[in-house]
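*Asks:* Sharing my_file36.csv, CSV, C-alpha atoms and all ligand atoms:
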```
chain,number,residue,atom,x,y,z
A,1,MET,CA,0.0,0.0,0.0
A,2,ILE,CA,2.8,2.4,0.9
A,3,GLN,CA,4.5,1.8,-2.4
A,4,ARG,CA,1.2,2.4,-4.3
A,5,THR,CA,0.7,5.6,-2.4
A,6,GLN,CA,4.2,6.8,-3.3
A,7,ILE,CA,3.7,6.0,-7.0
A,8,ARG,CA,0.4,7.9,-7.0
A,9,GLN,CA,1.9,11.0,-5.3
A,10,THR,CA,4.8,11.0,-7.8
A,11,LYS,CA,2.3,10.9,-10.6
A,12,ILE,CA,0.3,13.8,-9.3
A,13,ASN,CA,3.5,15.8,-8.9
A,14,SER,CA,4.5,15.1,-12.4
A,15,LEU,CA,1.2,16.3,-13.7
A,16,PHE,CA,1.9,19.8,-12.6
A,17,THR,CA,5.2,19.8,-14.4
A,18,GLN,CA,3.6,18.5,-17.6
A,19,SER,CA,0.9,21.0,-17.6
A,20,LYS,CA,3.2,23.9,-18.0
A,21,GLU,CA,4.6,22.5,-21.3
A,22,SER,CA,1.2,21.7,-22.7
A,23,GLU,CA,0.1,25.3,-23.0
A,24,VAL,CA,2.5,26.1,-25.9
A,25,PHE,CA,2.5,22.7,-27.5
A,26,PRO,CA,0.0,21.3,-30.1
A,27,TYR,CA,0.3,17.9,-28.4
A,28,MET,CA,-0.7,16.8,-24.9
A,29,LEU,CA,0.8,14.2,-22.8
A,30,VAL,CA,-1.3,11.2,-21.9
A,31,ASP,CA,-0.8,8.3,-19.5
A,32,LYS,CA,0.4,5.2,-21.4
A,33,LYS,CA,-1.3,2.9,-18.8
A,34,VAL,CA,-4.7,3.8,-20.1
A,35,PHE,CA,-4.0,1.7,-23.3
A,36,HIS,CA,-4.7,-2.0,-23.4
A,37,ILE,CA,-4.5,-4.8,-25.8
A,38,ASP,CA,-7.2,-4.7,-28.6
A,39,ASP,CA,-8.1,-1.1,-27.8
A,40,TYR,CA,-9.4,0.7,-30.9
A,41,ILE,CA,-8.2,4.3,-31.2
A,42,ASP,CA,-9.7,6.9,-33.5
A,43,PHE,CA,-6.9,9.3,-32.7
A,44,SER,CA,-3.2,9.1,-33.5
A,45,ILE,CA,-0.6,8.4,-30.8
A,46,PHE,CA,2.8,10.1,-30.9
A,47,TYR,CA,6.1,9.7,-29.1
A,48,SER,CA,9.0,12.0,-28.4
A,49,ASP,CA,12.5,10.6,-29.0
A,50,GLU,CA,15.7,11.5,-27.1
A,51,ASN,CA,16.2,14.6,-29.2
A,52,HIS,CA,12.6,15.7,-28.3
A,53,SER,CA,11.4,15.4,-31.9
A,54,ILE,CA,7.8,14.1,-32.2
A,55,SER,CA,6.9,11.2,-34.4
A,56,VAL,CA,3.8,9.2,-35.1
A,57,PHE,CA,3.7,6.0,-33.1
A,58,LEU,CA,0.3,4.7,-34.2
A,59,GLU,CA,-2.0,6.2,-36.8
A,60,GLN,CA,-5.7,6.9,-36.0
A,61,ASN,CA,-8.3,4.1,-36.6
A,62,SER,CA,-5.9,1.4,-35.4
A,63,THR,CA,-6.2,-1.4,-33.0
A,64,ILE,CA,-3.4,-1.8,-30.4
A,65,GLY,CA,-1.8,-5.2,-30.9
A,66,LEU,CA,0.6,-6.9,-28.5
A,67,LYS,CA,3.7,-5.7,-30.3
A,68,TYR,CA,2.6,-2.0,-30.0
A,69,LEU,CA,1.5,-2.5,-26.4
A,70,HIS,CA,5.0,-3.8,-25.4
A,71,LYS,CA,6.6,-0.9,-27.3
A,72,ILE,CA,4.3,1.7,-25.6
A,73,LYS,CA,5.7,0.5,-22.3
A,74,THR,CA,9.3,1.2,-23.3
A,75,LEU,CA,8.5,4.8,-24.3
A,76,ASP,CA,9.0,7.7,-22.0
A,77,GLU,CA,6.2,9.9,-23.2
A,78,ILE,CA,3.1,9.3,-25.2
A,79,LEU,CA,1.3,12.2,-26.7
A,80,ILE,CA,-1.8,12.9,-28.7
A,81,LEU,CA,-2.9,16.1,-30.6
A,82,LYS,CA,-4.7,18.5,-28.4
A,83,SER,CA,-7.3,18.7,-31.2
A,84,ASP,CA,-8.1,15.0,-30.5
A,85,ARG,CA,-8.9,15.7,-26.9
A,86,GLU,CA,-12.6,15.0,-27.4
A,87,LYS,CA,-12.0,11.6,-29.0
A,88,TYR,CA,-9.5,10.8,-26.3
A,89,ASP,CA,-12.1,11.7,-23.6
A,90,ILE,CA,-14.6,9.4,-25.2
A,91,PHE,CA,-12.0,6.6,-25.3
A,92,LEU,CA,-11.2,7.1,-21.6
A,93,GLU,CA,-14.9,7.1,-20.7
A,94,LYS,CA,-15.6,3.8,-22.4
A,95,ASN,CA,-12.4,2.4,-21.0
A,96,ILE,CA,-13.2,3.4,-17.4
A,97,GLN,CA,-16.8,2.3,-17.6
A,98,ASN,CA,-15.8,-1.2,-18.7
A,99,ILE,CA,-13.3,-1.5,-16.0
A,100,VAL,CA,-15.6,-0.3,-13.2
A,101,ASP,CA,-18.2,-2.8,-14.4
A,102,ASP,CA,-15.7,-5.7,-14.5
A,103,LYS,CA,-16.7,-8.0,-11.6
A,104,ALA,CA,-13.3,-9.8,-11.9
A,105,LEU,CA,-11.4,-6.8,-10.7
A,106,SER,CA,-10.8,-6.2,-7.0
A,107,ILE,CA,-11.5,-2.8,-5.4
A,108,ASP,CA,-7.8,-2.2,-5.1
A,109,GLU,CA,-7.3,-2.8,-8.9
A,110,LYS,CA,-10.3,-0.5,-9.6
A,111,CYS,CA,-8.8,2.1,-7.3
A,112,ASP,CA,-5.6,2.1,-9.3
A,113,ILE,CA,-7.4,2.5,-12.6
A,114,ILE,CA,-9.6,5.2,-11.3
A,115,TYR,CA,-6.6,7.0,-10.1
A,116,GLU,CA,-5.1,6.7,-13.6
A,117,SER,CA,-8.1,8.3,-15.2
A,118,SER,CA,-8.4,10.9,-12.4
A,119,THR,CA,-4.9,12.0,-13.0
A,120,GLU,CA,-5.7,12.5,-16.6
A,121,LEU,CA,-8.6,14.7,-15.6
A,122,THR,CA,-6.5,16.6,-13.2
A,123,LEU,CA,-3.9,17.2,-15.9
A,124,SER,CA,-6.5,18.6,-18.2
A,125,LEU,CA,-7.8,21.0,-15.5
A,126,TYR,CA,-4.3,22.2,-14.7
A,127,SER,CA,-3.4,22.5,-18.4
A,128,ASN,CA,-6.3,24.9,-18.9
A,129,PRO,CA,-4.8,28.3,-19.0
A,130,GLU,CA,-8.2,29.7,-18.2
A,131,ALA,CA,-8.6,27.8,-15.0
A,132,LEU,CA,-5.9,26.9,-12.4
A,133,LYS,CA,-2.8,28.2,-14.1
A,134,ASN,CA,-2.3,30.8,-11.5
A,135,ALA,CA,-3.0,28.7,-8.4
A,136,GLN,CA,0.7,27.9,-8.1
A,137,ILE,CA,0.8,28.0,-4.3
A,138,SER,CA,-2.1,25.7,-3.8
A,139,LYS,CA,-0.7,23.0,-6.0
A,140,SER,CA,2.1,22.1,-3.6
A,141,ILE,CA,-0.4,22.0,-0.7
A,142,ILE,CA,-3.2,20.1,-2.4
A,143,THR,CA,-1.1,17.5,-4.2
A,144,PRO,CA,-0.4,15.2,-1.3
A,145,ILE,CA,-4.0,15.7,0.0
A,146,LEU,CA,-5.5,14.8,-3.3
A,147,GLY,CA,-3.2,11.7,-3.4
A,148,THR,CA,-4.4,10.7,0.0
A,149,ILE,CA,-8.1,11.1,-1.0
A,150,LEU,CA,-7.7,9.2,-4.2
A,151,HIS,CA,-6.2,6.2,-2.5
A,152,ASN,CA,-8.6,6.0,0.3
A,153,ASN,CA,-10.5,2.8,-0.4
A,154,ASN,CA,-13.6,3.9,1.6
A,155,THR,CA,-13.9,7.1,-0.4
A,156,ILE,CA,-13.1,5.4,-3.7
A,157,SER,CA,-15.7,2.6,-3.2
A,158,SER,CA,-18.4,5.2,-2.9
A,159,TYR,CA,-16.9,7.2,-5.7
A,160,ILE,CA,-17.1,4.1,-7.9
A,161,LYS,CA,-20.9,4.4,-7.6
A,162,ILE,CA,-20.7,7.8,-9.2
A,163,ILE,CA,-18.5,6.6,-12.1
A,164,GLU,CA,-20.8,3.6,-12.7
A,165,TYR,CA,-23.7,5.9,-12.8
A,166,ASP,CA,-22.6,8.8,-15.0
A,167,TYR,CA,-19.2,9.8,-16.5
A,168,TYR,CA,-20.0,13.5,-16.4
A,169,THR,CA,-20.8,13.4,-12.7
A,170,HIS,CA,-17.4,11.7,-12.2
A,171,THR,CA,-15.4,14.3,-14.0
A,172,HIS,CA,-17.5,17.1,-12.5
A,173,SER,CA,-17.0,15.7,-9.0
A,174,LEU,CA,-13.2,15.4,-9.4
A,175,ASN,CA,-13.0,19.0,-10.8
A,176,VAL,CA,-15.1,20.3,-7.9
A,177,SER,CA,-12.8,18.5,-5.4
A,178,ILE,CA,-9.7,20.0,-6.9
A,179,TYR,CA,-11.2,23.5,-7.0
A,180,ALA,CA,-12.4,23.2,-3.4
A,181,LEU,CA,-9.0,22.0,-2.2
A,182,CYS,CA,-7.3,24.9,-3.9
A,183,LEU,CA,-9.8,27.4,-2.5
A,184,GLY,CA,-9.6,25.8,1.0
A,185,SER,CA,-5.9,26.1,1.0
A,186,GLU,CA,-6.1,29.7,-0.1
A,187,MET,CA,-8.4,30.2,2.9
A,188,LYS,CA,-5.7,28.6,5.1
A,189,LEU,CA,-7.7,25.6,6.2
A,190,ASN,CA,-5.5,23.1,8.0
A,191,GLU,CA,-4.6,19.8,6.4
A,192,GLU,CA,-7.2,17.8,8.3
A,193,LYS,CA,-10.0,20.2,7.3
A,194,LEU,CA,-8.7,20.2,3.7
A,195,SER,CA,-8.8,16.5,3.5
A,196,LEU,CA,-12.4,16.4,4.7
A,197,LEU,CA,-13.4,19.2,2.3
A,198,GLY,CA,-11.8,17.4,-0.7
A,199,ARG,CA,-13.7,14.2,0.2
A,200,ALA,CA,-17.0,16.0,0.7
A,201,ALA,CA,-16.5,17.9,-2.6
A,202,LEU,CA,-15.7,14.6,-4.4
A,203,LEU,CA,-18.9,13.0,-3.0
A,204,HIS,CA,-21.1,16.1,-3.1
A,205,ASP,CA,-23.3,14.7,-5.9
A,206,LEU,CA,-23.3,11.1,-4.7
A,207,GLY,CA,-27.1,11.3,-4.2
A,208,LYS,CA,-27.6,11.7,-7.9
A,209,SER,CA,-27.1,7.9,-8.1
A,210,LYS,CA,-30.5,7.6,-6.5
A,211,VAL,CA,-32.2,9.8,-9.1
A,212,ASP,CA,-33.4,8.5,-12.5
A,213,ILE,CA,-30.5,8.7,-15.0
A,214,ASN,CA,-32.8,10.1,-17.7
A,215,ILE,CA,-33.5,13.1,-15.4
A,216,VAL,CA,-29.8,13.6,-14.5
A,217,ASN,CA,-28.8,13.5,-18.2
A,218,LYS,CA,-31.8,15.2,-19.7
A,219,LYS,CA,-30.7,17.8,-22.3
A,220,ALA,CA,-34.0,19.8,-22.3
A,221,LYS,CA,-35.3,21.8,-19.5
A,222,LEU,CA,-36.6,19.6,-16.6
A,223,THR,CA,-40.4,19.5,-16.0
A,224,GLN,CA,-41.5,20.7,-12.5
A,225,ASN,CA,-41.9,17.1,-11.4
A,226,GLU,CA,-38.5,16.1,-12.7
A,227,PHE,CA,-36.8,19.1,-11.0
A,228,LYS,CA,-38.6,18.1,-7.8
A,229,LYS,CA,-36.9,14.6,-8.0
A,230,MET,CA,-33.6,16.1,-9.0
A,231,LYS,CA,-33.7,18.4,-5.9
A,232,MET,CA,-33.7,15.3,-3.7
A,233,HIS,CA,-30.1,14.4,-4.6
A,234,PRO,CA,-28.4,16.4,-1.7
A,235,SER,CA,-30.7,14.6,0.8
A,236,PHE,CA,-30.0,11.2,-0.8
A,237,GLY,CA,-26.3,11.9,-0.7
A,238,TYR,CA,-26.5,12.9,3.0
A,239,GLU,CA,-28.3,9.6,3.7
A,240,ILE,CA,-25.7,7.5,1.8
A,241,ALA,CA,-22.9,9.4,3.7
A,242,LEU,CA,-24.5,8.6,7.0
A,243,LYS,CA,-24.8,4.9,6.0
A,244,MET,CA,-21.1,5.0,5.0
A,245,GLY,CA,-20.4,6.0,8.7
A,246,ILE,CA,-19.4,9.6,8.0
A,247,GLU,CA,-20.1,11.5,11.2
A,248,ASP,CA,-18.2,14.8,10.7
A,249,LYS,CA,-20.8,17.6,10.6
A,250,ASP,CA,-18.7,19.8,8.1
A,251,PHE,CA,-18.4,16.8,5.7
A,252,LEU,CA,-22.1,16.0,6.0
A,253,ASP,CA,-23.1,19.6,5.5
A,254,GLY,CA,-21.0,19.9,2.4
A,255,ILE,CA,-23.0,17.1,0.8
A,256,HIS,CA,-26.4,18.0,2.2
A,257,TYR,CA,-26.4,21.8,1.7
A,258,HIS,CA,-24.3,22.5,-1.4
A,259,HIS,CA,-27.5,23.7,-3.2
A,260,GLU,CA,-28.7,26.0,-0.4
A,261,LYS,CA,-28.7,29.7,-1.0
A,262,LEU,CA,-27.8,32.4,1.5
A,263,ASN,CA,-31.2,34.1,1.0
A,264,GLY,CA,-33.0,30.8,1.8
A,265,THR,CA,-34.3,30.1,-1.7
A,266,GLY,CA,-32.1,27.0,-2.2
A,267,TYR,CA,-32.8,23.3,-1.6
A,268,PRO,CA,-33.5,20.8,0.0
A,269,ASP,CA,-34.2,22.5,3.4
A,270,ASN,CA,-34.4,26.3,2.4
A,271,ILE,CA,-31.9,27.1,5.2
A,272,LYS,CA,-30.3,30.5,5.1
A,273,ASP,CA,-27.4,32.7,6.3
A,274,LYS,CA,-25.4,31.3,9.2
A,275,ALA,CA,-27.2,27.9,9.0
A,276,ILE,CA,-25.2,27.4,5.8
A,277,THR,CA,-21.7,26.4,7.1
A,278,LEU,CA,-18.3,26.8,5.5
A,279,PHE,CA,-18.1,23.5,3.5
A,280,PRO,CA,-21.3,24.0,1.5
A,281,ARG,CA,-20.4,27.6,0.9
A,282,ILE,CA,-17.1,26.6,-0.6
A,283,ILE,CA,-18.5,23.6,-2.6
A,284,ALA,CA,-21.3,25.8,-4.0
A,285,VAL,CA,-18.9,28.3,-5.5
A,286,CYS,CA,-16.8,25.4,-7.0
A,287,ASP,CA,-19.8,23.5,-8.2
A,288,ILE,CA,-21.4,26.4,-10.1
A,289,PHE,CA,-18.1,27.4,-11.6
A,290,ASP,CA,-17.4,23.9,-12.9
A,291,ALA,CA,-20.9,23.5,-14.3
A,292,LEU,CA,-20.7,26.8,-16.1
A,293,THR,CA,-17.2,26.2,-17.5
A,294,SER,CA,-17.7,22.6,-18.6
A,295,ARG,CA,-18.7,21.7,-22.1
A,296,ARG,CA,-21.7,19.3,-22.4
A,297,SER,CA,-23.2,17.8,-25.5
A,298,TYR,CA,-26.0,20.3,-25.3
A,299,LYS,CA,-24.1,23.4,-24.3
A,300,ASP,CA,-20.8,25.2,-24.9
A,301,ALA,CA,-18.4,25.9,-22.1
A,302,MET,CA,-18.4,29.4,-20.7
A,303,THR,CA,-14.9,31.0,-20.4
A,304,SER,CA,-13.8,31.2,-16.7
A,305,PHE,CA,-13.8,35.0,-17.0
A,306,ASP,CA,-17.5,35.1,-18.1
A,307,ALA,CA,-18.5,32.5,-15.5
A,308,LEU,CA,-16.9,34.5,-12.7
A,309,ILE,CA,-18.5,37.8,-13.9
A,310,LEU,CA,-21.9,36.1,-14.0
A,311,MET,CA,-21.5,34.6,-10.6
A,312,LYS,CA,-20.4,37.9,-9.1
A,313,ARG,CA,-23.2,39.9,-10.8
A,314,GLU,CA,-26.1,37.6,-10.5
A,315,MET,CA,-25.5,35.3,-7.5
A,316,SER,CA,-24.8,37.8,-4.7
A,317,ASN,CA,-27.9,36.6,-2.7
A,318,HIS,CA,-27.0,33.1,-3.3
A,319,LEU,CA,-23.2,32.6,-2.9
A,320,ASP,CA,-20.9,33.8,-0.2
A,321,MET,CA,-19.3,36.8,-1.9
A,322,LYS,CA,-16.2,36.8,0.3
A,323,ILE,CA,-15.5,33.2,-0.7
A,324,LEU,CA,-16.2,34.0,-4.3
A,325,GLY,CA,-13.8,37.0,-4.1
A,326,ILE,CA,-11.0,34.6,-2.8
A,327,PHE,CA,-11.8,32.2,-5.6
A,328,ILE,CA,-11.6,35.0,-8.3
A,329,LYS,CA,-8.3,36.2,-6.8
A,330,MET,CA,-7.0,32.6,-6.9
A,331,LEU,CA,-7.9,32.1,-10.5
A,332,HIS,CA,-6.8,35.4,-11.9
B,1,FE,FE,-25.5,18.9,-6.7
B,2,FE,FE,-22.4,19.3,-8.5
```
Could I get this structure in the form of structure tokens?
Ligand SMILES: [Fe+2]
Ligand SMILES: [Fe+2]
*Replies:*
Amino acid sequence: MIQRTQIRQTKINSLFTQSKESEVFPYMLVDKKVFHIDDYIDFSIFYSDENHSISVFLEQNSTIGLKYLHKIKTLDEILILKSDREKYDIFLEKNIQNIVDDKALSIDEKCDIIYESSTELTLSLYSNPEALKNAQISKSIITPILGTILHNNNTISSYIKIIEYDYYTHTHSLNVSIYALCLGSEMKLNEEKLSLLGRAALLHDLGKSKVDINIVNKKAKLTQNEFKKMKMHPSFGYEIALKMGIEDKDFLDGIHYHHEKLNGTGYPDNIKDKAITLFPRIIAVCDIFDALTSRRSYKDAMTSFDALILMKREMSNHLDMKILGIFIKMLH
């Protein structure tokens, strides 16, 4: 276990180094461990030789044979074109879904693979010059905490429920967790609190697994009845967390109250002002920011600048403006 943890920490550390390069490069680094025998790829794979020149390793629309798989393992760096990011995301999604569904794999093996995919997502978040480029100080603080959260089997076994259910909720949850960790560290929360915050943020939408998937993924506007069902997810998440044995009030509040609004018009309990504690206030800012800046099949992503302007102008009765101010300062 110690060895696995160390490997994971090293990988997260290396992500932050890689992300700097990717901003000026037409290619992006990907983890070679996500490729398996007989995987079909509709994007080309490249490698960089000792002179740092880039060559094609495998053309798009190929199947990875045993010979290529062995060769991939000997290469230092595997790259794809940034313009193929969407195809690569779809590849990862299928890959992860199959693995999570695989009854033959132990929880430890699933943990490792989820970690691999999560580091990919972390890399993409940190490579986005619009998002976390400037949160340099936070990186060194959150890196070990994120590593700890992502190898905690208790957290991961609940998190698997999210991945099994919906890939978008998985990527969204991971993004919210990273934003919350950065924000919490900017707010000088101690390491113990940060770890709880990161876990609460990772599991904040866990209750969606109890809502009809067709409602969660509906592209059109929800009907009144559907929205009523959707609004139950924070309470469902809270109940699951209790069953998991989570007793920490901050942690539970983070899940239960992340959709409450300071003026009392949120849900599920319409609580207001001081009744909304720190964790749900932090998670709410990160949750909305990620929802606005993520691309979905039915909507384009907002730039982080536009999203922050919108949040500041239109959500002053809803979000904690002091926390939003720290978030804005952290990102820009
Ligand atoms: Fe939510
Ligand atoms: Fe959310």
*Asks:* What does the list of residues within 10 Å of ligand FE 2 (chain B) look like if you count all atoms listed in the file, written as an MDAnalysis selection string?
*Replies:* chainID A and resid 169:170 172:173 175:176 201:206 208 233:234 255 258:259 283:284 286:291
*Asks:* I'd like to know which of A:Lys229, A:Lys322, A:Lys219, A:Arg281 is closest to A:Arg296, using only C-alpha atoms.
*Replies:*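 Among the listed residues, the smallest separation from A:Arg296 belongs to A:Lys219.
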*Asks:* What lies within 12 Å of A:Leu310 using all atoms listed in the file, ignoring chain neighbours under 3 positions off, as a PyMOL selection string?
*Replies:* chain A and resi 285+288-289+292-293+302-307+313-316+319+324+328
*Asks:* Quick check, in Å to one decimal: how far apart do atom CA of A:Leu197 and atom CA of A:Thr265 lie?
*Replies:*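 Result for atom CA of A:Leu197 versus atom CA of A:Thr265: 23.9 Å, one decimal.
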*Asks:* Leaving out stretch 65-67 of chain A and any residue of its chain fewer than 6 positions from it, which residues lie within 10 Å of it when counting only C-alpha atoms, given as a PyMOL selection string?
*Replies:* chain A and resi 36-40
*Asks:* Find, counting all atoms listed in the file, the residue in A:Val30, A:Leu81, A:Ile45, A:Leu174 that gets nearest to A:Tyr68.
*Replies:* A:Ile45
*Asks:* Suppose you want the space between atom CA of A:Tyr167 and atom CA of A:Glu93; what is it in Å?
*Replies:* 6.6 Å
*Asks:* Would you compute the distance between atom CA of A:Arg199 and atom CA of A:Lys103? Give it in Å to one decimal.
*Replies:* 25.3 Å
*Asks:* May I ask which of the residues A:Asp49, A:Glu260, A:Glu77, A:Glu186 is the closest one to ligand FE 1 (chain B), counting only C-alpha atoms and all ligand atoms?
*Replies:*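 Among the listed residues, A:Glu260 lies closest to ligand FE 1 (chain B).
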*Asks:* In the coordinate frame of the file, compute which residues have an atom within 12 Å of (-14.1, 11.8, -26.1) when using only C-alpha atoms, and state them as a list in words.
*Replies:*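 Output of the proximity query reads Ile41, Asp42, Phe43, Lys82, Ser83, Asp84, Arg85, Glu86, Lys87, Tyr88, Asp89, Ile90, Phe91, Leu92, Glu93, Lys94, Asn95, Tyr167, Tyr168, Arg295, Arg296 and Ser297 of chain A.
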*Asks:* From the list A:Leu278, A:Leu29, A:Val216, A:Ile72, which residue is nearest ligand FE 1 (chain B) when using only C-alpha atoms and all ligand atoms?
*Replies:*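 The closest residue to ligand FE 1 (chain B) is A:Val216.
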*Asks:* Of the residues A:Lys261, A:Lys231, A:Lys299, A:His332, which is the one nearest to ligand FE 1 (chain B), using only C-alpha atoms and all ligand atoms?
*Replies:*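 Closest to ligand FE 1 (chain B), using only C-alpha atoms and all ligand atoms: A:Lys231.
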*Asks:* Excluding A:Ser195 and its own-chain neighbours fewer than 4 positions away, which residues fall within 8 Å of it when counting only C-alpha atoms? Please give them as a list in words.
*Replies:*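 Within the cut-off, the hits are Ile145, Leu146, Ile149, Leu181, Glu191 and Arg199 of chain A.
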*Asks:* Nearest to ligand FE 1 (chain B) among A:Gly207, A:Ala301, A:Leu308, A:Asp212, with distances taken over all atoms listed in the file: which residue is it?
*Replies:*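 When distances to ligand FE 1 (chain B) are compared using all atoms listed in the file, the smallest one comes from A:Gly207.
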